[in-house]
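Enquirer: Quick one: this structure, given as structure tokens, is what I'll be asking you about.
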Amino acid sequence: MSIVAAMHRHRSIRSYRPDPVPEDLLNEILGAGVRASSSGNMQTYSIIVTRDKALREQLYQPHMEQSMVLDAPVLLTFCADFHRMRRWLEVSGAPDNFDNFMSFMIAAIDATLVSQNVALAAEARGLGICYMGSTLANCDEIGRILQLPPNVVPVVGFSLGYPDEDPAPRDRLPLEGVVHQETYQDYSDERILDVYAERELRGWERYMNFPRLRRLVEESGVQNLAQLYTTVKYTRESHHEFSQTVLDYLAAQDFMNNGR
């Protein structure tokens, strides 16, 4: 499959066959992953491959009890990692300038770029993936389970394996709604509604097809998809809580010592 065709076929896979992912295939897609662009070619990331069932069982709760954590044969966790770089600086007698938020952002972008390379390589070889936002939201618990040293923070992760379902591709906002020519072109109310028109229809239908979400929507009294997002799915309280978790963990992992 061509890389462009693989991109257009992307679906989040939550149901997997039990077949293991062969070691040589896994190494092939990871090898493709590390060819991603990297700031200064520092490669300030690490990839944790988790196949052990007992470990995946431990990760089930911080990953918000998503079934693919247990069902997929492999979990991949992509970490922002300045631990390795800083150790190299130490043994080389070089100054260490990377205990700050900017360094975390550099490493987080590196890790995210690598993760998408791996995802594309996996899908091009017939594997399925499902990104999990819980990786960052509960980075402290996941970091403890994965025994991450200082200066390493989980940023993105996904399940990996052979699909046992064939869901339809999800809708995307139209190209003209997300691409700006030359400079940012702000949105009128009318243009906003036009950009989100298909999402409003398809997204609402999708959520109404999940009994649990449908019940939550009916109980909350929301009337459109935008209200569903911020009243049912992504509440202010949950985002404040997750934000504080990340900030606290960055400080604990020695990424917030700008004034030292």
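Ligands are numbered from 1 in the order shown, residues from 1 within each chain, and chains are lettered A, B, ... in the order they appear in the structure tokens.
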Hey, which bits of stretch 30-143 of chain A sit within 9 Å of stretch 4-22 of chain A, and for each residue what's the closest pair of atoms and how far apart in Å (one decimal), counting only C-alpha atoms, rows by chain and increasing number, as a Markdown table?

Expert:
```
| residue | atom | partner | partner_atom | distance |
| --- | --- | --- | --- | --- |
| A:Gln66 | CA | A:Arg14 | CA | 8.5 |
| A:Ser67 | CA | A:Arg14 | CA | 7.2 |
| A:Met68 | CA | A:Arg14 | CA | 5.3 |
| A:Val69 | CA | A:Arg14 | CA | 8.9 |
| A:Asp71 | CA | A:Tyr16 | CA | 6.1 |
| A:Ala72 | CA | A:Tyr16 | CA | 5.5 |
| A:Pro73 | CA | A:Pro20 | CA | 5.8 |
| A:Val74 | CA | A:Val21 | CA | 7.5 |
| A:Leu120 | CA | A:Met7 | CA | 6.9 |
| A:Ala121 | CA | A:Ala6 | CA | 8.7 |
| A:Glu123 | CA | A:Ala6 | CA | 6.3 |
| A:Ala124 | CA | A:Ala6 | CA | 5.4 |
| A:Leu127 | CA | A:Val21 | CA | 8.6 |
| A:Gly128 | CA | A:Ile13 | CA | 5.6 |
| A:Ile129 | CA | A:Ile13 | CA | 5.5 |
| A:Cys130 | CA | A:Ser12 | CA | 4.6 |
| A:Tyr131 | CA | A:Ser12 | CA | 7.3 |
```

Enquirer: Could you turn the residues from that selection into a file that holds N, CA and C atoms, as a tab-separated table (two decimals), in the first residue's frame?

Expert:
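Dumped everything to selection-v6.tsv:
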```
chain	number	residue	atom	x	y	z
A	66	GLN	N	-9.45	1.34	28.88
A	66	GLN	CA	-9.76	1.12	27.46
A	66	GLN	C	-9.40	-0.32	27.09
A	67	SER	N	-10.31	-0.99	26.44
A	67	SER	CA	-10.20	-2.43	26.23
A	67	SER	C	-8.96	-2.81	25.43
A	68	MET	N	-8.52	-1.95	24.51
A	68	MET	CA	-7.39	-2.33	23.65
A	68	MET	C	-6.09	-2.44	24.43
A	69	VAL	N	-6.03	-1.87	25.62
A	69	VAL	CA	-4.83	-2.01	26.45
A	69	VAL	C	-4.59	-3.48	26.78
A	71	ASP	N	-6.37	-6.06	25.03
A	71	ASP	CA	-6.62	-6.91	23.87
A	71	ASP	C	-5.53	-6.85	22.82
A	72	ALA	N	-4.89	-5.71	22.66
A	72	ALA	CA	-3.83	-5.59	21.65
A	72	ALA	C	-2.57	-6.30	22.16
A	73	PRO	N	-1.83	-6.96	21.27
A	73	PRO	CA	-0.63	-7.67	21.72
A	73	PRO	C	0.52	-6.75	22.09
A	74	VAL	N	0.48	-5.48	21.65
A	74	VAL	CA	1.59	-4.56	21.90
A	74	VAL	C	1.03	-3.19	22.27
A	120	LEU	N	2.19	5.24	10.76
A	120	LEU	CA	2.03	5.13	9.31
A	120	LEU	C	2.68	3.86	8.78
A	121	ALA	N	3.88	3.55	9.29
A	121	ALA	CA	4.57	2.33	8.85
A	121	ALA	C	3.76	1.10	9.23
A	123	GLU	N	0.45	0.84	9.74
A	123	GLU	CA	-0.77	0.72	8.94
A	123	GLU	C	-0.45	0.31	7.51
A	124	ALA	N	0.69	0.77	6.98
A	124	ALA	CA	1.08	0.38	5.63
A	124	ALA	C	1.40	-1.10	5.54
A	127	LEU	N	-1.11	-3.51	9.94
A	127	LEU	CA	-1.41	-3.46	11.36
A	127	LEU	C	-2.37	-2.32	11.65
A	128	GLY	N	-2.97	-2.36	12.84
A	128	GLY	CA	-3.87	-1.29	13.27
A	128	GLY	C	-3.35	-0.64	14.53
A	129	ILE	N	-3.74	0.61	14.74
A	129	ILE	CA	-3.32	1.34	15.94
A	129	ILE	C	-4.49	2.15	16.48
A	130	CYS	N	-4.39	2.53	17.75
A	130	CYS	CA	-5.34	3.48	18.33
A	130	CYS	C	-4.60	4.34	19.34
A	131	TYR	N	-4.45	5.61	19.01
A	131	TYR	CA	-3.81	6.55	19.93
A	131	TYR	C	-4.64	6.67	21.21
```

Enquirer: List every residue of stretch 15-260 of chain A that DSSP, applied to the backbone, labels as helix (DSSP H, G or I), and write the result as number ranges by chain.

Expert: A: 23-33, 39-41, 53-60, 68-71, 83-91, 101-124, 134-137, 139-145, 175-178, 189-195, 197-208, 211-220, 225-233, 236-252

Enquirer: Which one of A:Gly33, A:Thr112, A:Asn41, A:Ile48 sits closest to A:Leu146 if you count only C-alpha atoms?

Expert: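 Checking each candidate against A:Leu146, we get A:Ile48 as the closest.
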
Enquirer: Which is closer to A:Phe255 than all the others in A:Glu176, A:Glu182, A:Asp189, A:Asp99, using only C-alpha atoms?

Expert: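 Selected residue with least distance to A:Phe255: A:Asp99.
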
Enquirer: Give me every strand (DSSP E or B) residue in stretch 15-240 of chain A, going by DSSP on the backbone, as a PyMOL selection string.

Expert: chain A and resi 16+45-50+74-81+128-131+152-161+163

Enquirer: Can you spit out the residues from that selection as a compact mmCIF listing (two decimals), in the first residue's frame, using N, CA, C and O atoms?

Expert:
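Output file out-v7.txt is given in full below:
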```txt
# COMPACT_ATOMS: atom_id res chain seq x y z
N TYR A 16 -8.71 -6.24 18.41
CA TYR A 16 -7.54 -6.86 17.80
C TYR A 16 -7.61 -8.38 17.83
O TYR A 16 -8.18 -8.97 18.76
N TYR A 45 13.81 11.31 22.55
CA TYR A 45 12.64 10.49 22.83
C TYR A 45 13.10 9.07 23.14
O TYR A 45 14.23 8.68 22.83
N SER A 46 12.23 8.33 23.78
CA SER A 46 12.41 6.88 23.92
C SER A 46 11.07 6.22 23.65
O SER A 46 10.00 6.82 23.85
N ILE A 47 11.13 4.99 23.16
CA ILE A 47 9.93 4.22 22.83
C ILE A 47 9.90 3.00 23.74
O ILE A 47 10.84 2.20 23.75
N ILE A 48 8.84 2.87 24.51
CA ILE A 48 8.67 1.71 25.39
C ILE A 48 7.73 0.72 24.71
O ILE A 48 6.58 1.05 24.41
N VAL A 49 8.22 -0.48 24.46
CA VAL A 49 7.42 -1.56 23.87
C VAL A 49 6.94 -2.45 25.00
O VAL A 49 7.75 -3.06 25.71
N THR A 50 5.63 -2.54 25.19
CA THR A 50 5.08 -3.34 26.28
C THR A 50 4.22 -4.45 25.70
O THR A 50 3.17 -4.20 25.09
N VAL A 74 0.48 -5.48 21.65
CA VAL A 74 1.59 -4.56 21.90
C VAL A 74 1.03 -3.19 22.27
O VAL A 74 0.06 -2.72 21.67
N LEU A 75 1.64 -2.58 23.28
CA LEU A 75 1.42 -1.16 23.56
C LEU A 75 2.74 -0.44 23.31
O LEU A 75 3.80 -0.90 23.74
N LEU A 76 2.67 0.69 22.63
CA LEU A 76 3.85 1.53 22.41
C LEU A 76 3.65 2.85 23.13
O LEU A 76 2.62 3.51 22.96
N THR A 77 4.63 3.23 23.94
CA THR A 77 4.59 4.50 24.66
C THR A 77 5.79 5.33 24.21
O THR A 77 6.94 4.90 24.34
N PHE A 78 5.51 6.51 23.68
CA PHE A 78 6.55 7.40 23.17
C PHE A 78 6.77 8.49 24.21
O PHE A 78 5.84 9.24 24.55
N CYS A 79 8.00 8.57 24.68
CA CYS A 79 8.32 9.45 25.79
C CYS A 79 9.23 10.59 25.36
O CYS A 79 10.19 10.38 24.60
N ALA A 80 8.96 11.78 25.87
CA ALA A 80 9.94 12.86 25.80
C ALA A 80 11.09 12.47 26.71
O ALA A 80 10.87 12.16 27.89
N ASP A 81 12.30 12.44 26.18
CA ASP A 81 13.42 11.89 26.95
C ASP A 81 14.68 12.74 26.77
O ASP A 81 15.37 12.65 25.75
N GLY A 128 -2.97 -2.36 12.84
CA GLY A 128 -3.87 -1.29 13.27
C GLY A 128 -3.35 -0.64 14.53
O GLY A 128 -2.62 -1.27 15.32
N ILE A 129 -3.74 0.61 14.74
CA ILE A 129 -3.32 1.34 15.94
C ILE A 129 -4.49 2.15 16.48
O ILE A 129 -5.47 2.42 15.77
N CYS A 130 -4.39 2.53 17.75
CA CYS A 130 -5.34 3.48 18.33
C CYS A 130 -4.60 4.34 19.34
O CYS A 130 -4.13 3.84 20.37
N TYR A 131 -4.45 5.61 19.01
CA TYR A 131 -3.81 6.55 19.93
C TYR A 131 -4.64 6.67 21.21
O TYR A 131 -5.87 6.61 21.19
N VAL A 152 12.25 11.96 31.83
CA VAL A 152 11.51 11.16 30.86
C VAL A 152 10.02 11.25 31.20
O VAL A 152 9.64 11.01 32.35
N VAL A 153 9.19 11.62 30.20
CA VAL A 153 7.76 11.81 30.43
C VAL A 153 6.98 11.16 29.29
O VAL A 153 7.26 11.43 28.11
N PRO A 154 6.01 10.30 29.58
CA PRO A 154 5.15 9.74 28.51
C PRO A 154 4.35 10.86 27.85
O PRO A 154 3.75 11.69 28.54
N VAL A 155 4.36 10.86 26.53
CA VAL A 155 3.67 11.92 25.80
C VAL A 155 2.52 11.36 24.97
O VAL A 155 1.38 11.84 25.07
N VAL A 156 2.80 10.38 24.13
CA VAL A 156 1.75 9.76 23.31
C VAL A 156 1.97 8.25 23.33
O VAL A 156 3.08 7.77 23.56
N GLY A 157 0.91 7.53 23.09
CA GLY A 157 1.02 6.07 23.02
C GLY A 157 -0.14 5.50 22.25
O GLY A 157 -1.18 6.16 22.07
N PHE A 158 0.05 4.29 21.75
CA PHE A 158 -1.05 3.63 21.06
C PHE A 158 -0.94 2.12 21.16
O PHE A 158 0.13 1.56 21.38
N SER A 159 -2.10 1.48 21.03
CA SER A 159 -2.17 0.03 20.92
C SER A 159 -1.75 -0.36 19.51
O SER A 159 -1.89 0.42 18.57
N LEU A 160 -1.27 -1.60 19.37
CA LEU A 160 -0.76 -2.05 18.07
C LEU A 160 -1.04 -3.54 17.90
O LEU A 160 -0.79 -4.33 18.82
N GLY A 161 -1.55 -3.91 16.75
CA GLY A 161 -1.79 -5.31 16.48
C GLY A 161 -2.56 -5.48 15.18
O GLY A 161 -2.79 -4.52 14.43
N PRO A 163 -5.85 -5.90 13.12
CA PRO A 163 -7.24 -5.51 13.37
C PRO A 163 -8.20 -6.70 13.37
O PRO A 163 -8.07 -7.62 12.57
```

Enquirer: Pick out the residues sitting within 9 Å of A:Pro150, and hand them over as a PDB file with C-alpha atoms, in the first residue's frame; count only C-alpha atoms, and ignore anything fewer than 5 positions along from it in its own chain.

Expert:
```pdb
ATOM      1  CA  ASP A  81      13.421  11.890  26.954  1.00  0.00           C
ATOM      2  CA  PHE A  82      16.265  14.252  27.834  1.00  0.00           C
ATOM      3  CA  HIS A  83      17.640  11.740  30.366  1.00  0.00           C
ATOM      4  CA  ALA A 252       9.048  15.985  39.491  1.00  0.00           C
ATOM      5  CA  GLN A 253      10.901  14.819  36.376  1.00  0.00           C
ATOM      6  CA  ASP A 254      13.219  17.884  36.451  1.00  0.00           C
ATOM      7  CA  PHE A 255      11.784  19.717  33.454  1.00  0.00           C
TER       8      PHE A 255
END
```

Enquirer: If you count only C-alpha atoms, which residues fall within 12 Å of A:Leu247, apart from same-chain ones fewer than 2 positions away, as a list in words?

Expert: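 Everything that qualifies: Asn100, Phe101, Phe104, Leu136, Ala137, Asn138, Cys139, Asp140, Val153, His240, Glu241, Phe242, Ser243, Gln244, Thr245, Tyr249, Leu250, Ala251, Ala252, Gln253, Asp254, Phe255, Met256 and Asn257 of chain A.
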
Enquirer: Since we have the selection now, will you write its residues out, keeping N, CA, C and O atoms, as a JSON list (two decimals), in the first residue's frame?

Expert:
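Output below, filename selection09.json:
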```
[["chain", "number", "residue", "atom", "x", "y", "z"],
["A", 100, "ASN", "N", 14.32, 22.37, 31.59],
["A", 100, "ASN", "CA", 13.35, 23.46, 31.49],
["A", 100, "ASN", "C", 12.20, 23.07, 30.56],
["A", 100, "ASN", "O", 12.25, 22.05, 29.88],
["A", 101, "PHE", "N", 11.19, 23.92, 30.56],
["A", 101, "PHE", "CA", 9.97, 23.62, 29.81],
["A", 101, "PHE", "C", 10.22, 23.58, 28.30],
["A", 101, "PHE", "O", 9.63, 22.77, 27.59],
["A", 104, "PHE", "N", 11.34, 20.23, 27.39],
["A", 104, "PHE", "CA", 10.23, 19.27, 27.33],
["A", 104, "PHE", "C", 9.47, 19.40, 26.03],
["A", 104, "PHE", "O", 9.13, 18.39, 25.39],
["A", 136, "LEU", "N", -0.72, 11.02, 28.14],
["A", 136, "LEU", "CA", -0.29, 12.29, 28.73],
["A", 136, "LEU", "C", -1.14, 12.64, 29.94],
["A", 136, "LEU", "O", -0.62, 13.13, 30.95],
["A", 137, "ALA", "N", -2.44, 12.39, 29.86],
["A", 137, "ALA", "CA", -3.34, 12.77, 30.95],
["A", 137, "ALA", "C", -2.93, 12.12, 32.27],
["A", 137, "ALA", "O", -3.01, 12.73, 33.33],
["A", 138, "ASN", "N", -2.49, 10.87, 32.21],
["A", 138, "ASN", "CA", -2.07, 10.14, 33.40],
["A", 138, "ASN", "C", -0.59, 9.77, 33.31],
["A", 138, "ASN", "O", -0.19, 8.66, 33.66],
["A", 139, "CYS", "N", 0.21, 10.74, 32.85],
["A", 139, "CYS", "CA", 1.64, 10.47, 32.64],
["A", 139, "CYS", "C", 2.36, 10.06, 33.91],
["A", 139, "CYS", "O", 3.32, 9.27, 33.84],
["A", 140, "ASP", "N", 1.92, 10.56, 35.06],
["A", 140, "ASP", "CA", 2.62, 10.21, 36.30],
["A", 140, "ASP", "C", 2.46, 8.74, 36.65],
["A", 140, "ASP", "O", 3.45, 8.05, 36.96],
["A", 153, "VAL", "N", 9.19, 11.62, 30.20],
["A", 153, "VAL", "CA", 7.76, 11.81, 30.43],
["A", 153, "VAL", "C", 6.98, 11.16, 29.29],
["A", 153, "VAL", "O", 7.26, 11.43, 28.11],
["A", 240, "HIS", "N", -8.58, 20.73, 33.87],
["A", 240, "HIS", "CA", -7.77, 21.35, 34.92],
["A", 240, "HIS", "C", -7.01, 20.29, 35.70],
["A", 240, "HIS", "O", -5.82, 20.46, 36.02],
["A", 241, "GLU", "N", -7.69, 19.21, 36.02],
["A", 241, "GLU", "CA", -7.04, 18.13, 36.78],
["A", 241, "GLU", "C", -5.89, 17.51, 35.99],
["A", 241, "GLU", "O", -4.79, 17.32, 36.53],
["A", 242, "PHE", "N", -6.12, 17.19, 34.72],
["A", 242, "PHE", "CA", -5.06, 16.61, 33.91],
["A", 242, "PHE", "C", -3.92, 17.59, 33.69],
["A", 242, "PHE", "O", -2.74, 17.21, 33.67],
["A", 243, "SER", "N", -4.25, 18.88, 33.52],
["A", 243, "SER", "CA", -3.21, 19.89, 33.35],
["A", 243, "SER", "C", -2.30, 19.93, 34.57],
["A", 243, "SER", "O", -1.07, 19.98, 34.44],
["A", 244, "GLN", "N", -2.90, 19.88, 35.75],
["A", 244, "GLN", "CA", -2.09, 19.93, 36.97],
["A", 244, "GLN", "C", -1.24, 18.68, 37.12],
["A", 244, "GLN", "O", -0.09, 18.74, 37.57],
["A", 245, "THR", "N", -1.80, 17.53, 36.71],
["A", 245, "THR", "CA", -1.02, 16.29, 36.74],
["A", 245, "THR", "C", 0.24, 16.40, 35.89],
["A", 245, "THR", "O", 1.34, 16.05, 36.32],
["A", 249, "TYR", "N", 4.09, 16.55, 37.23],
["A", 249, "TYR", "CA", 5.01, 15.50, 36.82],
["A", 249, "TYR", "C", 6.23, 16.08, 36.10],
["A", 249, "TYR", "O", 7.35, 15.59, 36.26],
["A", 250, "LEU", "N", 6.03, 17.14, 35.33],
["A", 250, "LEU", "CA", 7.16, 17.80, 34.69],
["A", 250, "LEU", "C", 8.13, 18.33, 35.74],
["A", 250, "LEU", "O", 9.36, 18.21, 35.59],
["A", 251, "ALA", "N", 7.60, 18.90, 36.81],
["A", 251, "ALA", "CA", 8.47, 19.39, 37.88],
["A", 251, "ALA", "C", 9.18, 18.22, 38.56],
["A", 251, "ALA", "O", 10.39, 18.28, 38.82],
["A", 252, "ALA", "N", 8.44, 17.15, 38.83],
["A", 252, "ALA", "CA", 9.05, 15.99, 39.49],
["A", 252, "ALA", "C", 10.12, 15.35, 38.63],
["A", 252, "ALA", "O", 11.10, 14.80, 39.16],
["A", 253, "GLN", "N", 9.94, 15.42, 37.30],
["A", 253, "GLN", "CA", 10.90, 14.82, 36.38],
["A", 253, "GLN", "C", 11.99, 15.80, 35.93],
["A", 253, "GLN", "O", 12.73, 15.53, 34.99],
["A", 254, "ASP", "N", 12.12, 16.94, 36.64],
["A", 254, "ASP", "CA", 13.22, 17.88, 36.45],
["A", 254, "ASP", "C", 13.16, 18.59, 35.10],
["A", 254, "ASP", "O", 14.18, 18.84, 34.46],
["A", 255, "PHE", "N", 11.94, 18.96, 34.69],
["A", 255, "PHE", "CA", 11.78, 19.72, 33.45],
["A", 255, "PHE", "C", 11.34, 21.16, 33.71],
["A", 255, "PHE", "O", 11.05, 21.89, 32.76],
["A", 256, "MET", "N", 11.24, 21.58, 34.97],
["A", 256, "MET", "CA", 10.66, 22.91, 35.24],
["A", 256, "MET", "C", 11.57, 23.78, 36.11],
["A", 256, "MET", "O", 11.12, 24.61, 36.87],
["A", 257, "ASN", "N", 12.88, 23.57, 35.99],
["A", 257, "ASN", "CA", 13.82, 24.30, 36.85],
["A", 257, "ASN", "C", 14.43, 25.50, 36.13],
["A", 257, "ASN", "O", 15.65, 25.69, 36.10]]
```

Enquirer: A:Lys233, A:Arg56, A:Arg215, A:Arg84: which is nearest A:Asn151, counting only C-alpha atoms?

Expert: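 Going through A:Lys233, A:Arg56, A:Arg215, A:Arg84 one by one, the smallest distance to A:Asn151 is for A:Arg84.
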
Enquirer: List the neighbours of A:Met85 out to 9 Å using only C-alpha atoms; skip same-chain residues closer than 5 positions along the sequence, and give me the result as a count of residues only.

Expert: 5

Enquirer: Measure the distance from atom CA of A:Pro95 to atom CA of A:Arg35 in Å and round it to one decimal.

Expert: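 Between atom CA of A:Pro95 and atom CA of A:Arg35 the gap is 27.4 Å.
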
Enquirer: With a distance cut-off of 8 Å and only C-alpha atoms, select the neighbouring residues of A:Tyr196, excluding the residue or stretch itself and same-chain residues fewer than 4 positions from it, and output the selection as a PyMOL selection string.

Expert: chain A and resi 173+192+200
